[in-house]
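work_10.txt (compact mmCIF, C-alpha atoms) appears below.
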# COMPACT_ATOMS: atom_id res chain seq x y z
CA MET A 1 57.76 -40.49 -29.01
CA SER A 2 58.95 -42.59 -26.10
CA SER A 3 58.99 -46.33 -25.61
CA PRO A 4 55.73 -47.30 -23.88
CA ASP A 5 57.66 -49.16 -21.19
CA ARG A 6 60.43 -46.73 -20.24
CA VAL A 7 60.30 -44.80 -16.97
CA LEU A 8 59.04 -41.25 -17.56
CA ASN A 9 60.22 -38.14 -15.77
CA ALA A 10 57.23 -36.42 -14.17
CA GLY A 11 56.72 -32.87 -12.99
CA VAL A 12 53.98 -31.85 -10.56
CA LEU A 13 52.45 -28.37 -10.55
CA GLY A 14 50.69 -27.30 -7.37
CA ALA A 15 52.78 -29.88 -5.54
CA THR A 16 52.14 -28.52 -2.04
CA GLY A 17 48.31 -28.64 -2.24
CA THR A 18 46.18 -31.64 -1.38
CA VAL A 19 45.79 -32.78 -4.99
CA GLY A 20 49.52 -32.26 -5.53
CA GLN A 21 50.24 -34.34 -2.45
CA ARG A 22 48.03 -37.12 -3.79
CA PHE A 23 49.95 -36.96 -7.08
CA ILE A 24 53.21 -37.38 -5.17
CA VAL A 25 51.93 -40.38 -3.18
CA LEU A 26 50.61 -42.14 -6.28
CA LEU A 27 53.58 -41.32 -8.51
CA SER A 28 56.04 -42.56 -5.89
CA GLN A 29 54.28 -45.95 -6.01
CA ASN A 30 54.01 -46.12 -9.80
CA PRO A 31 56.65 -48.03 -11.82
CA MET A 32 56.10 -45.92 -14.94
CA PHE A 33 57.09 -42.54 -13.44
CA ARG A 34 59.98 -40.88 -11.66
CA ILE A 35 59.30 -37.57 -9.88
CA HIS A 36 61.67 -35.14 -11.57
CA ALA A 37 60.46 -31.64 -10.68
CA LEU A 38 58.03 -30.00 -8.27
CA GLY A 39 56.37 -26.62 -8.73
CA ALA A 40 54.31 -24.41 -6.45
CA SER A 41 53.74 -20.76 -5.61
CA GLU A 42 56.49 -18.19 -5.20
CA ARG A 43 56.28 -18.40 -1.40
CA SER A 44 57.25 -22.10 -1.61
CA SER A 45 59.89 -21.69 -4.31
CA GLY A 46 63.44 -22.50 -3.29
CA LYS A 47 62.42 -24.48 -0.20
CA ALA A 48 62.84 -28.19 0.35
CA TYR A 49 59.51 -29.88 -0.23
CA ARG A 50 59.24 -31.04 3.40
CA LEU A 51 59.53 -27.42 4.53
CA ALA A 52 57.22 -26.00 1.87
CA THR A 53 54.17 -28.21 2.45
CA LYS A 54 51.74 -29.03 5.24
CA TRP A 55 51.47 -32.74 4.58
CA LYS A 56 47.85 -33.94 4.84
CA MET A 57 47.97 -37.45 3.38
CA SER A 58 47.52 -40.54 5.57
CA ASP A 59 50.52 -42.04 3.75
CA GLN A 60 53.94 -40.84 4.88
CA MET A 61 55.68 -38.29 2.70
CA PRO A 62 57.86 -40.29 0.27
CA VAL A 63 61.52 -40.12 1.28
CA GLY A 64 62.57 -39.35 -2.28
CA VAL A 65 60.79 -35.98 -2.38
CA ARG A 66 61.47 -34.68 1.11
CA ASP A 67 64.54 -32.67 0.13
CA VAL A 68 63.60 -31.88 -3.47
CA LEU A 69 63.63 -28.13 -4.04
CA VAL A 70 60.31 -26.61 -5.03
CA ASN A 71 60.46 -24.53 -8.24
CA PRO A 72 58.26 -21.76 -9.58
CA CYS A 73 55.59 -23.05 -11.99
CA ASP A 74 57.55 -22.01 -15.04
CA PRO A 75 58.44 -24.31 -17.97
CA ALA A 76 62.10 -23.27 -17.72
CA HIS A 77 62.36 -25.15 -14.42
CA PHE A 78 60.88 -28.39 -15.78
CA ALA A 79 63.45 -29.29 -18.43
CA GLY A 80 63.75 -33.06 -18.77
CA CYS A 81 60.13 -33.77 -17.83
CA ASP A 82 58.28 -36.15 -20.14
CA VAL A 83 54.92 -35.38 -18.53
CA VAL A 84 53.60 -32.62 -16.30
CA PHE A 85 50.73 -33.20 -13.88
CA SER A 86 48.74 -30.19 -12.73
CA GLY A 87 47.12 -30.06 -9.31
CA LEU A 88 46.81 -26.28 -9.55
CA ASP A 89 43.80 -24.37 -8.33
CA ALA A 90 41.62 -23.10 -11.16
CA SER A 91 42.32 -19.51 -10.13
CA VAL A 92 45.89 -19.83 -11.44
CA ALA A 93 45.83 -22.96 -13.61
CA GLY A 94 44.76 -21.40 -16.90
CA ASP A 95 47.81 -19.30 -17.76
CA ILE A 96 50.31 -21.68 -16.18
CA GLU A 97 49.02 -24.79 -17.94
CA LYS A 98 48.88 -22.89 -21.24
CA ALA A 99 52.52 -21.86 -20.83
CA PHE A 100 53.49 -25.51 -20.33
CA PHE A 101 51.67 -27.09 -23.23
CA GLU A 102 52.71 -24.25 -25.53
CA ALA A 103 56.28 -24.99 -24.43
CA ASP A 104 55.69 -28.51 -25.86
CA PHE A 105 55.06 -30.33 -22.59
CA ALA A 106 52.40 -33.03 -22.29
CA VAL A 107 50.10 -31.68 -19.58
CA PHE A 108 47.59 -33.76 -17.62
CA SER A 109 45.37 -31.41 -15.68
CA ASN A 110 43.02 -31.79 -12.77
CA ALA A 111 41.80 -28.18 -13.10
CA LYS A 112 38.57 -27.09 -14.76
CA ASN A 113 39.97 -24.36 -17.01
CA TYR A 114 40.29 -26.30 -20.29
CA ARG A 115 37.77 -29.10 -19.71
CA MET A 116 35.04 -27.77 -21.95
CA GLN A 117 37.23 -26.56 -24.82
CA PRO A 118 36.08 -28.56 -27.87
CA ASP A 119 39.59 -29.71 -28.89
CA VAL A 120 40.69 -30.76 -25.39
CA PRO A 121 39.94 -34.33 -24.26
CA LEU A 122 37.95 -34.39 -21.01
CA CYS A 123 38.91 -37.91 -20.15
CA VAL A 124 37.96 -40.29 -17.37
CA PRO A 125 40.49 -42.95 -18.37
CA VAL A 126 38.24 -45.94 -17.68
CA VAL A 127 35.48 -44.38 -19.81
CA ASN A 128 36.45 -42.36 -22.91
CA THR A 129 40.05 -42.74 -24.00
CA ASP A 130 38.74 -42.75 -27.59
CA HIS A 131 38.73 -38.94 -27.23
CA TYR A 132 42.53 -38.98 -27.48
CA ALA A 133 41.93 -39.09 -31.23
CA ILE A 134 41.67 -35.27 -31.25
CA ILE A 135 45.18 -34.71 -29.85
CA ALA A 136 46.71 -34.56 -33.34
CA ALA A 137 44.33 -31.76 -34.30
CA GLN A 138 44.96 -29.97 -30.99
CA ARG A 139 48.70 -30.03 -31.67
CA ALA A 140 48.28 -28.89 -35.27
CA ALA A 141 46.07 -25.96 -34.30
CA ARG A 142 48.70 -24.73 -31.85
CA GLY A 143 51.81 -25.55 -33.86
CA LEU A 144 53.05 -28.10 -31.34
CA THR A 145 55.21 -31.17 -31.86
CA ARG A 146 55.01 -33.00 -28.52
CA GLY A 147 52.86 -30.83 -26.32
CA PHE A 148 49.16 -31.24 -25.63
CA ILE A 149 46.72 -31.01 -22.75
CA VAL A 150 44.30 -33.64 -21.46
CA THR A 151 42.01 -32.88 -18.54
CA ASN A 152 40.23 -35.17 -16.15
CA SER A 153 36.75 -34.42 -14.92
CA ASN A 154 35.28 -32.89 -11.82
CA CYS A 155 35.59 -35.35 -8.93
CA SER A 156 31.86 -36.03 -8.68
CA THR A 157 31.49 -36.44 -12.45
CA SER A 158 34.19 -39.11 -12.53
CA GLY A 159 32.18 -41.54 -10.44
CA LEU A 160 28.89 -40.87 -12.21
CA VAL A 161 30.06 -41.43 -15.78
CA VAL A 162 31.51 -44.89 -15.10
CA PRO A 163 28.23 -46.78 -14.58
CA LEU A 164 26.47 -44.52 -17.10
CA LYS A 165 29.04 -45.45 -19.74
CA ALA A 166 28.59 -49.15 -18.99
CA LEU A 167 24.81 -48.84 -19.30
CA GLN A 168 25.01 -46.73 -22.47
CA ASP A 169 27.40 -49.15 -24.18
CA ARG A 170 25.31 -52.22 -23.35
CA PHE A 171 21.72 -50.96 -23.59
CA GLY A 172 21.84 -47.88 -25.80
CA ALA A 173 21.10 -44.21 -25.24
CA LEU A 174 20.05 -42.76 -21.90
CA SER A 175 17.46 -39.99 -21.87
CA ARG A 176 17.46 -38.55 -18.33
CA VAL A 177 19.71 -38.77 -15.27
CA VAL A 178 19.12 -37.20 -11.87
CA VAL A 179 21.96 -37.29 -9.33
CA THR A 180 22.25 -36.08 -5.74
CA THR A 181 25.77 -36.03 -4.33
CA MET A 182 27.15 -36.21 -0.79
CA GLN A 183 30.70 -34.96 -1.29
CA ALA A 184 33.67 -35.34 1.04
CA VAL A 185 35.49 -32.34 2.49
CA SER A 186 38.80 -33.30 0.85
CA GLY A 187 37.23 -32.21 -2.42
CA ALA A 188 37.41 -28.63 -1.16
CA GLY A 189 41.18 -28.77 -0.65
CA TYR A 190 43.04 -27.40 2.36
CA PRO A 191 42.09 -25.58 4.56
CA GLY A 192 38.78 -26.22 2.82
CA VAL A 193 35.43 -25.96 4.57
CA ALA A 194 35.45 -24.25 7.96
CA SER A 195 34.80 -26.62 10.86
CA LEU A 196 31.84 -24.57 12.10
CA ASP A 197 30.22 -24.99 8.69
CA ILE A 198 30.66 -28.74 8.28
CA LEU A 199 30.72 -30.38 11.74
CA ASP A 200 27.25 -31.62 12.73
CA ASN A 201 26.02 -30.28 9.41
CA ILE A 202 25.42 -30.72 5.68
CA VAL A 203 26.02 -27.79 3.34
CA PRO A 204 23.52 -27.96 0.42
CA LEU A 205 25.68 -25.93 -1.97
CA ILE A 206 29.05 -26.45 -3.64
CA SER A 207 29.50 -23.39 -5.77
CA GLY A 208 29.67 -24.15 -9.50
CA GLU A 209 29.56 -27.93 -8.98
CA GLU A 210 26.13 -28.66 -10.38
CA PRO A 211 26.56 -27.06 -13.82
CA LYS A 212 30.00 -28.70 -14.11
CA MET A 213 28.49 -32.14 -13.58
CA GLU A 214 25.61 -31.48 -15.96
CA GLU A 215 27.90 -30.29 -18.76
CA GLU A 216 30.83 -32.65 -18.28
CA VAL A 217 28.72 -35.82 -18.42
CA LEU A 218 27.49 -34.87 -21.91
CA LYS A 219 31.02 -34.30 -23.22
CA ILE A 220 32.50 -37.45 -21.67
CA LEU A 221 29.69 -39.74 -22.86
CA GLY A 222 29.69 -38.11 -26.30
CA GLY A 223 32.00 -38.80 -29.19
CA VAL A 224 34.50 -37.25 -31.58
CA SER A 225 33.76 -35.44 -34.83
CA SER A 226 34.22 -37.35 -38.09
CA ASP A 227 37.38 -35.36 -38.85
CA ALA A 228 38.77 -36.01 -35.34
CA THR A 229 39.18 -32.33 -34.53
CA VAL A 230 36.72 -31.79 -31.66
CA CYS A 231 34.64 -33.63 -29.11
CA THR A 232 30.91 -33.88 -29.82
CA PRO A 233 28.83 -33.83 -26.61
CA LEU A 234 25.57 -35.74 -26.39
CA SER A 235 22.53 -33.67 -27.29
CA ASN A 236 19.78 -36.12 -26.35
CA LEU A 237 20.62 -36.65 -22.67
CA ARG A 238 19.47 -34.38 -19.86
CA VAL A 239 21.29 -34.41 -16.52
CA SER A 240 20.14 -32.74 -13.29
CA ALA A 241 22.60 -32.57 -10.37
CA THR A 242 22.21 -31.47 -6.75
CA CYS A 243 25.49 -31.28 -4.84
CA ASN A 244 26.01 -31.32 -1.07
CA ARG A 245 29.09 -31.15 1.15
CA VAL A 246 29.05 -33.66 4.01
CA PRO A 247 31.35 -34.35 7.01
CA VAL A 248 33.29 -37.22 5.39
CA ILE A 249 37.03 -36.94 4.69
CA ASP A 250 37.34 -38.95 1.45
CA GLY A 251 34.79 -40.55 -0.85
CA HIS A 252 31.90 -39.01 -2.77
CA THR A 253 28.55 -40.80 -2.48
CA GLU A 254 25.98 -40.24 -5.22
CA CYS A 255 22.33 -41.28 -5.49
CA VAL A 256 21.41 -41.70 -9.15
CA SER A 257 18.19 -42.28 -11.10
CA VAL A 258 18.39 -43.21 -14.79
CA GLU A 259 15.88 -43.33 -17.62
CA PHE A 260 16.72 -45.26 -20.79
CA ALA A 261 15.71 -43.95 -24.19
CA GLY A 262 14.46 -47.40 -25.14
CA ALA A 263 12.99 -50.34 -23.31
CA PRO A 264 14.72 -50.74 -19.93
CA PRO A 265 16.79 -53.78 -19.05
CA SER A 266 16.05 -55.87 -15.99
CA ILE A 267 17.83 -55.27 -12.69
CA ASP A 268 19.75 -58.52 -13.13
CA GLU A 269 20.86 -57.44 -16.61
CA ILE A 270 22.03 -54.11 -15.22
CA LYS A 271 24.05 -55.79 -12.47
CA GLN A 272 25.66 -58.15 -14.97
CA CYS A 273 26.48 -55.22 -17.27
CA LEU A 274 28.19 -53.29 -14.48
CA ARG A 275 30.19 -56.30 -13.30
CA GLU A 276 31.41 -57.07 -16.82
CA TYR A 277 32.40 -53.53 -17.81
CA THR A 278 36.01 -53.20 -19.01
CA CYS A 279 38.14 -50.54 -20.68
CA GLU A 280 41.12 -50.26 -23.03
CA ALA A 281 43.50 -49.17 -20.26
CA GLN A 282 43.06 -52.60 -18.70
CA ASP A 283 43.76 -54.33 -22.01
CA LEU A 284 46.96 -52.31 -22.40
CA GLY A 285 48.21 -53.34 -18.96
CA CYS A 286 48.30 -49.83 -17.51
CA ALA A 287 49.63 -50.00 -13.96
CA SER A 288 46.85 -47.91 -12.41
CA ALA A 289 43.96 -49.61 -14.20
CA PRO A 290 41.93 -51.55 -11.62
CA GLU A 291 41.14 -55.25 -12.03
CA HIS A 292 37.45 -54.43 -11.66
CA ILE A 293 36.27 -51.00 -12.80
CA ILE A 294 32.91 -51.40 -11.08
CA TYR A 295 32.22 -53.37 -7.93
CA VAL A 296 28.56 -54.27 -7.48
CA ALA A 297 27.70 -54.30 -3.77
CA GLU A 298 24.94 -56.73 -2.88
CA GLU A 299 24.76 -55.69 0.78
CA GLU A 300 21.63 -53.62 1.33
CA ASP A 301 23.52 -50.81 3.11
CA ARG A 302 26.53 -50.38 0.79
CA PRO A 303 28.46 -48.56 -0.55
CA GLN A 304 29.77 -46.52 2.37
CA PRO A 305 32.73 -44.10 2.21
CA ARG A 306 34.72 -45.56 5.09
CA LEU A 307 34.30 -49.13 3.85
CA ASP A 308 34.39 -48.81 0.07
CA ARG A 309 36.38 -45.74 -1.03
CA ASN A 310 39.62 -47.68 -1.48
CA ALA A 311 38.15 -50.30 -3.80
CA GLY A 312 40.63 -50.99 -6.58
CA ALA A 313 43.20 -48.81 -4.77
CA GLY A 314 40.74 -45.93 -5.17
CA MET A 315 40.40 -46.41 -8.93
CA SER A 316 37.18 -48.46 -8.88
CA VAL A 317 33.60 -47.28 -8.48
CA THR A 318 31.33 -49.21 -6.12
CA VAL A 319 27.65 -49.36 -7.08
CA GLY A 320 24.95 -50.66 -4.76
CA ARG A 321 21.25 -50.47 -3.94
CA ILE A 322 20.39 -51.15 -7.59
CA ARG A 323 16.62 -51.26 -7.86
CA GLU A 324 13.66 -50.19 -9.97
CA CYS A 325 12.74 -46.52 -9.89
CA PRO A 326 9.03 -45.57 -9.82
CA VAL A 327 9.75 -42.33 -11.71
CA PHE A 328 12.56 -43.34 -14.09
CA HIS A 329 13.74 -46.90 -14.84
CA VAL A 330 16.50 -47.68 -12.34
CA LYS A 331 18.12 -46.06 -9.32
CA PHE A 332 21.32 -46.84 -7.46
CA THR A 333 23.96 -45.46 -5.11
CA LEU A 334 27.61 -45.16 -6.10
CA LEU A 335 30.84 -44.30 -4.34
CA VAL A 336 34.03 -42.89 -5.87
CA HIS A 337 37.31 -41.93 -4.20
CA ASN A 338 37.32 -38.25 -5.04
CA THR A 339 41.08 -37.65 -4.85
CA VAL A 340 42.12 -40.86 -6.65
CA LEU A 341 39.82 -41.73 -9.59
CA GLY A 342 38.22 -38.32 -9.02
CA ALA A 343 41.50 -36.40 -9.28
CA ALA A 344 45.18 -37.40 -9.29
CA GLY A 345 44.66 -41.08 -10.04
CA ALA A 346 42.70 -40.27 -13.19
CA SER A 347 45.43 -37.93 -14.47
CA ILE A 348 48.09 -40.57 -13.85
CA LEU A 349 46.12 -43.29 -15.63
CA ASN A 350 45.51 -40.84 -18.48
CA ALA A 351 49.28 -40.43 -18.78
CA GLU A 352 49.88 -44.18 -18.59
CA TYR A 353 47.41 -44.66 -21.42
CA ALA A 354 49.03 -41.88 -23.47
CA ALA A 355 52.43 -43.54 -23.07
CA LYS A 356 51.13 -46.96 -24.06
CA LYS A 357 49.48 -45.49 -27.16
CA GLY A 358 52.55 -43.54 -28.25
CA TYR A 359 51.40 -39.99 -27.52
CA LEU A 360 54.45 -39.27 -25.30
Would you kindly transcribe this structure into structure tokens?
Amino acid sequence: MSSPDRVLNAGVLGATGTVGQRFIVLLSQNPMFRIHALGASERSSGKAYRLATKWKMSDQMPVGVRDVLVNPCDPAHFAGCDVVFSGLDASVAGDIEKAFFEADFAVFSNAKNYRMQPDVPLCVPVVNTDHYAIIAAQRAARGLTRGFIVTNSNCSTSGLVVPLKALQDRFGALSRVVVTTMQAVSGAGYPGVASLDILDNIVPLISGEEPKMEEEVLKILGGVSSDATVCTPLSNLRVSATCNRVPVIDGHTECVSVEFAGAPPSIDEIKQCLREYTCEAQDLGCASAPEHIIYVAEEEDRPQPRLDRNAGAGMSVTVGRIRECPVFHVKFTLLVHNTVLGAAGASILNAEYAAKKGYL
């Protein structure tokens, strides 16, 4: 167990991809972590990072990683790492991440492979860090001393569960949620969606996205079993998602309608609830925790991706157009930065929280 305030050596798997690049940008700016090792595919192995990657971030490549040699994604090459962040594609993440946590590394994954396993926390770190309570059982079941795996959610799920959690905590159970997403192209990685498919167009299908949202929300907003061995998803909430790809670079916009199980609060009460929502990561002083988890936009035409995606350095969710719904109780529009809170930023805040709580 490390001191909660010491600098931690971090490894990044999938370091040359767009999520890996976002990890590198955020870690290079974070006082809690030092980039110690980079891993990618065999074709990148042995090359300096600047030669192995096609840099796609708007931030400049950090000087400190430019000449770092890229390693194979093998635990033997990550000795000395206190934490390992995975930006791997799901097609390869399963076996590689398993090899790392079974080698007693603490793994924070952006991939989908282990999200729905009952003894793996699926954690949006401003929502459900109470699910870390099952890590002891996860370690025991696998015979591990230090290693474990925590996953963050699908990028569109991460924005949705934040206001839902605030509403659930303040006003009680929700019964039905309908969400329609307009998702940025960066969520598809690089090279991503072909230009002829997305320019001057909207693609009304993101393969596998809708069931992921519908399942993940129930696990994240649920609890932990009485013996702290597994997560217990909600059984009384129904979620329906429709997901679309739109010609925006960063920032997922979502139109949400919510029905409460009990008597609905007023619109003013909902706005106050969202503005006042806080989380444990803030109380612990985690570096990546935003000052305001939810920004309530009063302008009638907000949020907008270009104007609002960087709220809270990309770690906040902006909610606007909050109004009564003639079918359910309330409807609103939210915006989340899909590669920050929706991806690398969530994993990093998960690791900050784990360090503060003594899991590392």
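In this structure, CA of Pro125 (chain A) sits 9.2 Å away from CA of Ile348 (chain A).
Contact shell of Ser235 (chain A) at 12 Å (only C-alpha atoms; same-chain neighbours under 4 positions omitted): Ala173, Leu174, Ser175, Arg176, Glu214, Glu215, Val217, Leu218, Lys219, Leu221, Gly222, Gly223 and Val239 of chain A.
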Residues just named, written with C-alpha atoms as an mmCIF file, in the frame of the given file:
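Output contents, as saved in result-v1.cif:
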data_model
loop_
_atom_site.group_PDB
_atom_site.id
_atom_site.type_symbol
_atom_site.label_atom_id
_atom_site.label_comp_id
_atom_site.auth_asym_id
_atom_site.auth_seq_id
_atom_site.Cartn_x
_atom_site.Cartn_y
_atom_site.Cartn_z
ATOM 1 C CA ALA A 173 21.100 -44.210 -25.240
ATOM 2 C CA LEU A 174 20.050 -42.760 -21.900
ATOM 3 C CA SER A 175 17.460 -39.990 -21.870
ATOM 4 C CA ARG A 176 17.460 -38.550 -18.330
ATOM 5 C CA GLU A 214 25.610 -31.480 -15.960
ATOM 6 C CA GLU A 215 27.900 -30.290 -18.760
ATOM 7 C CA VAL A 217 28.720 -35.820 -18.420
ATOM 8 C CA LEU A 218 27.490 -34.870 -21.910
ATOM 9 C CA LYS A 219 31.020 -34.300 -23.220
ATOM 10 C CA LEU A 221 29.690 -39.740 -22.860
ATOM 11 C CA GLY A 222 29.690 -38.110 -26.300
ATOM 12 C CA GLY A 223 32.000 -38.800 -29.190
ATOM 13 C CA VAL A 239 21.290 -34.410 -16.520
#
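Compared by their closest atoms to Ser109 (chain A), and using only C-alpha atoms, the residues A:Gly312, A:Gly14, A:Gly187, A:Pro264 rank with A:Gly14 nearest.
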- Task: Measure the distance from CA of Asn244 (chain A) to CA of Thr157 (chain A) in Å and round it to one decimal.
- Result: 13.6 Å
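When all atoms listed in the file are used to measure the gap to Pro326 (chain A), the shortest distance among A:Val258, A:Val161, A:Leu284, A:Ala141 belongs to A:Val258.
Shell of Ala241 (chain A) at 12 Å, with all atoms listed in the file counted and residues fewer than 6 places along the chain excluded, is Ser156, Thr157, Leu160, Arg176, Val177, Val178, Val179, Thr180, Thr181, Met182, Pro204, Leu205, Ile206, Gly208, Glu209, Glu210, Pro211, Lys212, Met213, Glu214, Glu215, Glu216, Val217, Glu254, Cys255, Val256 and Ser257 of chain A.
Of the listed residues (A:Ala355, A:Asp119, A:Phe148, A:Met61), A:Phe148 comes nearest to Asp104 (chain A); the distances count all atoms listed in the file.
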Using only C-alpha atoms, I'd like a table of the residues in region 157-211 of chain A that come within 12 Å of region 295-306 of chain A; for each, show the closest atom pair and its distance in Å rounded to one decimal, ordered by chain and ascending number, as a Markdown table.
| residue | atom | partner | partner_atom | distance |
| --- | --- | --- | --- | --- |
| A:Val162 | CA | A:Tyr295 | CA | 11.1 |
| A:Pro163 | CA | A:Tyr295 | CA | 10.2 |
| A:Met182 | CA | A:Pro305 | CA | 10.1 |
| A:Gln183 | CA | A:Pro305 | CA | 10.0 |
| A:Ala184 | CA | A:Pro305 | CA | 8.9 |
Residues at most 9 Å from Gly189 (chain A), counting only C-alpha atoms, excluding those fewer than 6 positions away in the same chain, as an mmCIF file with C-alpha atoms, in the coordinates of the input?
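Saved result, around_36.cif, follows:
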data_model
loop_
_atom_site.group_PDB
_atom_site.id
_atom_site.type_symbol
_atom_site.label_atom_id
_atom_site.label_comp_id
_atom_site.auth_asym_id
_atom_site.auth_seq_id
_atom_site.Cartn_x
_atom_site.Cartn_y
_atom_site.Cartn_z
ATOM 1 C CA GLY A 17 48.310 -28.640 -2.240
ATOM 2 C CA THR A 18 46.180 -31.640 -1.380
ATOM 3 C CA VAL A 19 45.790 -32.780 -4.990
#
Per residue of region 120-172 of chain A within 7 Å of region 271-277 of chain A, record the nearest atom pair and its distance in Å to one decimal, counting only C-alpha atoms, with rows in chain order and ascending residue number, as a tab-separated table.
residue	atom	partner	partner_atom	distance
A:Pro163	CA	A:Leu274	CA	6.5
A:Ala166	CA	A:Tyr277	CA	5.9
A:Leu167	CA	A:Cys273	CA	6.9
A:Arg170	CA	A:Cys273	CA	6.9
- Task: Figure out the distance between CA of Leu334 (chain A) and CA of Val120 (chain A), please, to one decimal in Å.
- Result: 27.4 Å
- Message: Using all atoms listed in the file, which protein or nucleic acid residues come within 6 Å of Leu69 (chain A)? Drop anything in the same chain fewer than 2 positions from it, and give the result as a PyMOL selection string.
- Response: chain A and resi 46-49
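If all atoms listed in the file are the atoms counted, then among A:Ala103, A:Asn128, A:Arg115, A:Cys231 the closest residue to Arg146 (chain A) is A:Ala103.
All residues of protein, DNA or RNA that reach within 12 Å of Cys279 (chain A), judged by all atoms listed in the file and not counting those fewer than 5 positions away in the chain, are A:Val124, A:Pro125, A:Val126, A:Val127, A:Asn128, A:Thr129, A:Asp130, A:Val162, A:Lys165, A:Ala166, A:Asp169, A:Leu284, A:Gly285, A:Cys286, A:Ala289, A:Pro290, A:Glu291, A:His292, A:Ile293, A:Ile294, A:Leu349, A:Tyr353.
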Kindly save the residues from that selection, with C-alpha atoms included, as a tab-separated table (two decimals), keeping the file's coordinate frame.
chain	number	residue	atom	x	y	z
A	124	VAL	CA	37.96	-40.29	-17.37
A	125	PRO	CA	40.49	-42.95	-18.37
A	126	VAL	CA	38.24	-45.94	-17.68
A	127	VAL	CA	35.48	-44.38	-19.81
A	128	ASN	CA	36.45	-42.36	-22.91
A	129	THR	CA	40.05	-42.74	-24.00
A	130	ASP	CA	38.74	-42.75	-27.59
A	162	VAL	CA	31.51	-44.89	-15.10
A	165	LYS	CA	29.04	-45.45	-19.74
A	166	ALA	CA	28.59	-49.15	-18.99
A	169	ASP	CA	27.40	-49.15	-24.18
A	284	LEU	CA	46.96	-52.31	-22.40
A	285	GLY	CA	48.21	-53.34	-18.96
A	286	CYS	CA	48.30	-49.83	-17.51
A	289	ALA	CA	43.96	-49.61	-14.20
A	290	PRO	CA	41.93	-51.55	-11.62
A	291	GLU	CA	41.14	-55.25	-12.03
A	292	HIS	CA	37.45	-54.43	-11.66
A	293	ILE	CA	36.27	-51.00	-12.80
A	294	ILE	CA	32.91	-51.40	-11.08
A	349	LEU	CA	46.12	-43.29	-15.63
A	353	TYR	CA	47.41	-44.66	-21.42
